[in-house]
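Worksheet for the structure shown next.
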Amino acid sequence: MARFSFQGKIFWYFTVVIAIIGALVILVGSLYISWTTFREAKNKVAADLRVAHNFLNQELEEVEVALSLLGENQLVKDFLKGKKVSLENLRQRLEKKRIGLDLDVLSLCDEKGKVVLRTRSPYNTGDSCGQISLISKALQGKIASGIVVIPSGKLKMEGEGLAEKAKITFKPTPRAKPRSERVETSGMFLMAAVPVVIEGGKVEGVLYAGNLLNRNYYLVDYIRDMVFEEKDYEGKPLGTVTIFQEDVRIATNVKEEDGSRAIGTRVSEEVYEKVLEKGEVWLGRAFVVNNWYISAYEPIWSSEGKIAGMLYVGVLEEKYTDIRNGVFLSFLPIIFGGIAAVLVISYLLSRDLSEPIKRLVKATTRIARGQLQYILEKEKEYPKIEELPCLEIQELTRNFNRMTAALHKRETELKEANEELKQINRNYMEILGFVTHEIKNKLGIIMGSAYNLKGGVVGRLNEGQKKMINILLRNAERLNVMIKNYLDLSRIERGELRVDKEEVDFKEDILEPVLDEFKGEVESSSMRLIVDVPSPSKLKADLDLLRIVMENLISNAIKYGRKGGKIKIKVKKEDNIWKINVWNEGEGIPEDEIDKLFTKFTRLRSGEKIREEQGSGLGLFITKEIIQKHGGKIWAESEEGKWANFIFTLPLE
């Protein structure tokens with residue numbers, strides 16, 4: 001057996017003990033940091049799933065409220081009672097309502113469940129709709145809403161394009177459960193049905209409407225934007241939302257390797273078994289297409305009480321892995337530094353322990369009695385530090401005192417800093433939750449209730465009440481626009497405003513839906529609308545963002561235009577660009593204010609006085625950012641007291 005010197009044995013013992021303690025500290029610390037990090041991630045994802053579920057319920061409520069108002073339409077009742085009502089006139093009116101409410105389906109059945117009117121081309125009628133459970137309930141006099149799965153044949157009857165949009169071909173997906181099917185042809189709908197009741201409480205028919213969830217990117221992107229602050233992490237989607245029909249992704253912002261949406265990919269087998277087969281909520285790690293996510297899945301129940309699919313919210317695991325690793329790595333230098341310091345000290349101590357061994361034996365007796373602090377700091381029974389027999393022991397004593405003070409100070413500072421960061425994070429989450437969940441949701445409820453009052457749901461209003469309701473709705477709608485503008489501003493400030501270009505027709509896809517939206521305001525202001533737009537007017541652009549541009553410009557033209565004046569919208573192709581003008585008669589814009597129009601929080605002026613109807617002052621700034629993201633530019637021209645003209649350009653490609 002090898003023999004060691006006294007110094008070697010002491011040093012070796014110290015080394016073994018420190019190595020074991022260091023390994024245990026590293027192991028326990030890494031496990032604790034990992035557990036804490038992912039526990040917080042799971043809690044957040046579970047909360048995000050609840051928010052996403054609420055957004056789906058809110059969409060259903062909005063469809064149900066809008067449909068309830070339509071069910072009170074006297075023209076609909078007269079048509080069902082067989083009075084002389086023009087079918088074409090009624091269809092056109094309901095079709096405009098469907099487009100204005102951004103619905104995929106809006107149809108009318110008689111009391112026997114036979115479809116007598118559809119608002120989507122080719123306007124098929126004559127088939128039965130009673131096999132849909134929601135409509136069956138409505139025929140019994142009950143308002144019903146929920147998730148409905150409609151087969152391909154029925155989709156073709158509902159209108160053109162729906163069957164093609166619903167059809168999804170399965171894509172090979174790692175870890176998915178094997179299935180014999182290769183394509184999904186049915187469509188999943190958010191649907192509501194309301195009875196049309198005439199005098200005496202008799203159900204004369206049913207109005208039903210809904211939105212197809214297959215490839216409904218707007219809905220999942222809207223939920224993602226409301227739930228997650230960041231969109232990407234290291235080039236990958238950070239927060240993702242998906243709607244599944246059974247185990248197939250039919251609407252998602254999960255991306256494949258080529259950057260396309262992962263439509264047609266399928267959920268992993270372990271999630272399939274727990275959520276779709278057992279009807280339970282999944283919360284934990286899950287493999288999503290090509291990355292690991294901290295995920296939450298819950299079953300989507302159809303109106304018939306069956307599991308029709310799943311709602312998923314997930315956050316990229318890589319971010320939390322990096323956070324865990326970063327926290328862990330930040331402590332490693334301290335741990336290894338402490339280990340190294342102790343080893344050095346043990347080496348220096350062991351080298352000279354042979355000479356002052358007796359004194360150290362006495363010291364160990366005191367240490368055994370728990371008087372270590374006393375030995376190091378008292379001066380009566382032991383020499384001063386400078387009088388110790390060797391520099392190594394002197395240095396050890398000094399270093400121990402310094403290390404204790406430094407560690408205590410550092411620990412105190414870290415605790416204070418950590419508490420401050422926690423408080424900041426709490427404040428931030430409270431503000432974010434208040435803005436997104438309280439203001440937005442409560443405002444939606446207020447507006448829905450106000451529209452119900454205006455529509456006479458709870459009784460006829462007198463003129464004074466109608467005036468107050470109109471004031472309430474106008475201010476609520478203005479606040480809704482203002483909230484949206486601030487959300488858009490937030491996206492811009494964080495560099496998250498993205499342009500998803502597709503081929504669109506400017507006239508059909510952008511201008512006409514916006515003009516329908518402002519038709520009532522134009523007519524109430526007695527304005528003349530002159531539109532000069534070539535057909536077709538094809539370009540590659542982001543449909544939703546360009547609608548925001550036209551909404552802002554037309555809204556300003558109405559707001560600051562002269563009552564009874566003209567509004568001209570002209571689109572002209574020049575070289576490789578489209579040039580769009582929005583011109584209106586009115587007070588115009590003072591020359592010294594034109595340069596400020598497109599800056600944040602700037603409001604247009606009318607004459608010498610700011611108009612009473614003020615917005616957030618963000619509309620034109622957001623408009624400019626959207627145009628520039630498309631590769632175009634925007635400017636204003638005006639003759640004060642006569643007219644104002646906003647011009648912007650868009651590239652053809």
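Identifiers in the structure tokens: chain A, B, ... in order shown; residue index from 1 per chain; ligand index from 1 in order shown.
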
Checklist entry - Within 9 Å of Phe646 (chain A), counting only C-alpha atoms, which residues qualify if same-chain residues fewer than 6 places away don't, as number ranges by chain? => result A: 553, 580-583, 634-638

Checklist entry - What's the 6 Å shell around region 297-307 of chain A, counting only C-alpha atoms, without same-chain residues fewer than 4 positions away, as a PyMOL selection string? => result chain A and resi 146-148+275+281-282+311-312

Checklist entry - Residues at most 10 Å from region 99-115 of chain A, counting only C-alpha atoms, excluding those fewer than 4 positions away in the same chain, as a VMD selection string? => result chain A and resid 62 to 63 66 to 67 71 76 79 to 81 91 94 to 95 119 to 120 123 to 132 135 to 136 138 to 140 155 158 to 159 161 to 162 189 to 196 202 to 213 513 to 514 516 to 517

For C-alpha atoms, I'd like the residues from the last selection saved as a PDB file, in the first residue's frame.
```pdb
ATOM      1  CA  GLU A  62     -69.754  36.809 -31.425  1.00  0.00           C
ATOM      2  CA  VAL A  63     -71.281  34.606 -34.146  1.00  0.00           C
ATOM      3  CA  ALA A  66     -74.716  38.539 -34.616  1.00  0.00           C
ATOM      4  CA  LEU A  67     -76.985  35.681 -35.713  1.00  0.00           C
ATOM      5  CA  GLY A  71     -83.045  36.260 -36.544  1.00  0.00           C
ATOM      6  CA  VAL A  76     -86.578  37.020 -42.814  1.00  0.00           C
ATOM      7  CA  PHE A  79     -90.105  35.302 -46.166  1.00  0.00           C
ATOM      8  CA  LEU A  80     -90.549  32.210 -43.979  1.00  0.00           C
ATOM      9  CA  LYS A  81     -94.254  32.971 -43.471  1.00  0.00           C
ATOM     10  CA  ARG A  91     -80.263  36.754 -50.336  1.00  0.00           C
ATOM     11  CA  LEU A  94     -77.923  38.393 -45.986  1.00  0.00           C
ATOM     12  CA  GLU A  95     -74.872  37.863 -48.195  1.00  0.00           C
ATOM     13  CA  THR A 119     -75.637  33.273 -49.177  1.00  0.00           C
ATOM     14  CA  ARG A 120     -72.622  31.651 -50.789  1.00  0.00           C
ATOM     15  CA  TYR A 123     -76.605  29.412 -53.609  1.00  0.00           C
ATOM     16  CA  ASN A 124     -77.789  25.783 -53.427  1.00  0.00           C
ATOM     17  CA  THR A 125     -81.135  25.050 -51.735  1.00  0.00           C
ATOM     18  CA  GLY A 126     -83.525  22.180 -51.212  1.00  0.00           C
ATOM     19  CA  ASP A 127     -81.359  19.858 -49.124  1.00  0.00           C
ATOM     20  CA  SER A 128     -81.952  19.037 -45.459  1.00  0.00           C
ATOM     21  CA  CYS A 129     -79.945  20.589 -42.651  1.00  0.00           C
ATOM     22  CA  GLY A 130     -81.739  18.855 -39.791  1.00  0.00           C
ATOM     23  CA  GLN A 131     -79.010  16.236 -39.360  1.00  0.00           C
ATOM     24  CA  ILE A 132     -76.768  18.911 -37.824  1.00  0.00           C
ATOM     25  CA  ILE A 135     -79.886  23.121 -36.160  1.00  0.00           C
ATOM     26  CA  SER A 136     -82.056  20.389 -34.637  1.00  0.00           C
ATOM     27  CA  ALA A 138     -82.710  25.519 -32.960  1.00  0.00           C
ATOM     28  CA  LEU A 139     -85.766  23.976 -34.632  1.00  0.00           C
ATOM     29  CA  GLN A 140     -86.924  23.186 -31.089  1.00  0.00           C
ATOM     30  CA  LEU A 155     -69.614  21.433 -47.803  1.00  0.00           C
ATOM     31  CA  GLU A 158     -72.895  25.107 -48.587  1.00  0.00           C
ATOM     32  CA  GLY A 159     -70.907  26.930 -51.264  1.00  0.00           C
ATOM     33  CA  GLY A 161     -64.454  26.779 -52.303  1.00  0.00           C
ATOM     34  CA  LEU A 162     -65.329  25.310 -48.895  1.00  0.00           C
ATOM     35  CA  PHE A 189     -66.770  24.660 -38.161  1.00  0.00           C
ATOM     36  CA  LEU A 190     -67.346  27.157 -35.394  1.00  0.00           C
ATOM     37  CA  MET A 191     -71.135  27.304 -35.841  1.00  0.00           C
ATOM     38  CA  ALA A 192     -74.206  28.846 -34.263  1.00  0.00           C
ATOM     39  CA  ALA A 193     -77.922  28.356 -35.009  1.00  0.00           C
ATOM     40  CA  VAL A 194     -80.852  30.494 -33.842  1.00  0.00           C
ATOM     41  CA  PRO A 195     -84.575  29.913 -34.261  1.00  0.00           C
ATOM     42  CA  VAL A 196     -86.638  32.437 -36.223  1.00  0.00           C
ATOM     43  CA  LYS A 202     -93.847  29.468 -33.182  1.00  0.00           C
ATOM     44  CA  VAL A 203     -90.514  28.460 -34.731  1.00  0.00           C
ATOM     45  CA  GLU A 204     -90.855  29.257 -38.419  1.00  0.00           C
ATOM     46  CA  GLY A 205     -87.288  28.415 -39.388  1.00  0.00           C
ATOM     47  CA  VAL A 206     -83.600  28.521 -38.420  1.00  0.00           C
ATOM     48  CA  LEU A 207     -80.695  30.798 -39.313  1.00  0.00           C
ATOM     49  CA  TYR A 208     -77.304  29.119 -39.019  1.00  0.00           C
ATOM     50  CA  ALA A 209     -73.829  30.518 -39.649  1.00  0.00           C
ATOM     51  CA  GLY A 210     -70.233  29.660 -38.997  1.00  0.00           C
ATOM     52  CA  ASN A 211     -66.586  29.824 -39.939  1.00  0.00           C
ATOM     53  CA  LEU A 212     -64.520  26.990 -41.362  1.00  0.00           C
ATOM     54  CA  LEU A 213     -61.532  26.291 -39.107  1.00  0.00           C
ATOM     55  CA  PRO A 513     -64.697  44.770 -48.301  1.00  0.00           C
ATOM     56  CA  VAL A 514     -63.420  48.011 -46.742  1.00  0.00           C
ATOM     57  CA  ASP A 516     -68.754  47.812 -47.446  1.00  0.00           C
ATOM     58  CA  GLU A 517     -67.563  48.415 -43.898  1.00  0.00           C
TER      59      GLU A 517
END
```

As a short mmCIF file (atom, residue, chain, number, x, y, z; two decimals) with C-alpha atoms, in the first residue's frame, please: every residue in region 28-152 of chain A that a backbone DSSP assignment puts in alpha helix (DSSP H).
```
data_model
loop_
_atom_site.label_atom_id
_atom_site.label_comp_id
_atom_site.auth_asym_id
_atom_site.auth_seq_id
_atom_site.Cartn_x
_atom_site.Cartn_y
_atom_site.Cartn_z
CA VAL A 28 -28.53 18.93 -7.18
CA GLY A 29 -28.23 22.49 -8.46
CA SER A 30 -28.69 21.48 -12.09
CA LEU A 31 -31.72 19.32 -11.23
CA TYR A 32 -33.30 22.08 -9.17
CA ILE A 33 -32.70 24.76 -11.81
CA SER A 34 -34.08 22.47 -14.52
CA TRP A 35 -37.14 21.55 -12.45
CA THR A 36 -37.88 25.17 -11.54
CA THR A 37 -37.44 26.46 -15.10
CA PHE A 38 -39.68 23.87 -16.71
CA ARG A 39 -42.26 24.05 -13.94
CA GLU A 40 -42.69 27.76 -14.67
CA ALA A 41 -42.84 27.01 -18.41
CA LYS A 42 -45.61 24.42 -17.88
CA ASN A 43 -47.59 26.79 -15.67
CA LYS A 44 -47.38 29.48 -18.32
CA VAL A 45 -48.40 27.15 -21.14
CA ALA A 46 -51.36 25.89 -19.10
CA ALA A 47 -52.48 29.48 -18.56
CA ASP A 48 -51.96 30.21 -22.27
CA LEU A 49 -54.19 27.25 -23.16
CA ARG A 50 -56.98 28.67 -21.02
CA VAL A 51 -56.63 32.01 -22.80
CA ALA A 52 -56.74 30.31 -26.22
CA HIS A 53 -59.86 28.37 -25.16
CA ASN A 54 -61.50 31.64 -24.12
CA PHE A 55 -60.74 33.17 -27.51
CA LEU A 56 -62.51 30.27 -29.26
CA ASN A 57 -65.52 30.70 -26.96
CA GLN A 58 -65.48 34.41 -27.68
CA GLU A 59 -65.57 33.74 -31.43
CA LEU A 60 -68.60 31.49 -30.92
CA GLU A 61 -70.33 34.13 -28.79
CA GLU A 62 -69.75 36.81 -31.43
CA VAL A 63 -71.28 34.61 -34.15
CA GLU A 64 -74.19 33.74 -31.86
CA VAL A 65 -74.89 37.41 -30.98
CA ALA A 66 -74.72 38.54 -34.62
CA LEU A 67 -76.99 35.68 -35.71
CA SER A 68 -79.51 36.44 -32.95
CA LEU A 69 -79.87 39.98 -34.28
CA LEU A 70 -80.41 38.69 -37.83
CA GLY A 71 -83.04 36.26 -36.54
CA GLN A 74 -88.73 41.19 -40.15
CA LEU A 75 -87.83 40.51 -43.79
CA VAL A 76 -86.58 37.02 -42.81
CA LYS A 77 -89.76 36.33 -40.86
CA ASP A 78 -91.98 37.51 -43.71
CA PHE A 79 -90.11 35.30 -46.17
CA LEU A 80 -90.55 32.21 -43.98
CA LEU A 87 -85.75 35.92 -52.62
CA GLU A 88 -82.96 37.67 -54.51
CA ASN A 89 -83.28 40.83 -52.44
CA LEU A 90 -83.21 38.86 -49.17
CA ARG A 91 -80.26 36.75 -50.34
CA GLN A 92 -78.26 39.84 -51.32
CA ARG A 93 -78.92 41.46 -47.95
CA LEU A 94 -77.92 38.39 -45.99
CA GLU A 95 -74.87 37.86 -48.19
CA LYS A 96 -73.68 41.38 -47.40
CA LYS A 97 -74.19 40.60 -43.72
CA ARG A 98 -72.19 37.39 -44.06
CA ILE A 99 -69.30 39.18 -45.77
CA GLY A 100 -69.43 42.05 -43.28
CA SER A 133 -77.41 18.74 -34.08
CA LEU A 134 -77.18 22.52 -33.56
CA ILE A 135 -79.89 23.12 -36.16
CA SER A 136 -82.06 20.39 -34.64
CA LYS A 137 -81.89 22.20 -31.29
CA ALA A 138 -82.71 25.52 -32.96
CA LEU A 139 -85.77 23.98 -34.63
CA SER A 152 -67.42 16.99 -47.99
#
```

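Rounded to one decimal, CA of Gln465 (chain A) and CA of Leu453 (chain A) lie 9.3 Å from each other.
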
Checklist entry - What does the distance between CA of Thr265 (chain A) and CA of Val248 (chain A) come to in Å, to one decimal place? => result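 Answer for the CA of Thr265 (chain A) to CA of Val248 (chain A) separation: 5.9 Å.
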
Next on the checklist: Neighbouring residues of Glu585 (chain A) were defined as those with any atom within 9 Å, considering only C-alpha atoms; residues of the same chain fewer than 4 positions away were excluded. Please report them as an MDAnalysis selection string.
Outcome noted: chainID A and resid 557 560:563 565:568 641:645

Checklist entry - How far is it from CA of Glu181 (chain A) to CA of Val288 (chain A), in Å with one decimal? => result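 Result for CA of Glu181 (chain A) versus CA of Val288 (chain A): 20.5 Å, one decimal.
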
Checklist entry - Do you know which residues are at most 7 Å from Pro590 (chain A) counting only C-alpha atoms, after dropping those on the same chain fewer than 3 positions away, and could you put them as number ranges by chain? => result A: 593-594, 640

Checklist entry - Using only C-alpha atoms, which residue out of A:Lys467, A:Ile150, A:Phe228, A:Glu160 lies closest to Pro122 (chain A)? => result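 That would be A:Glu160, the residue with the smallest distance to Pro122 (chain A).
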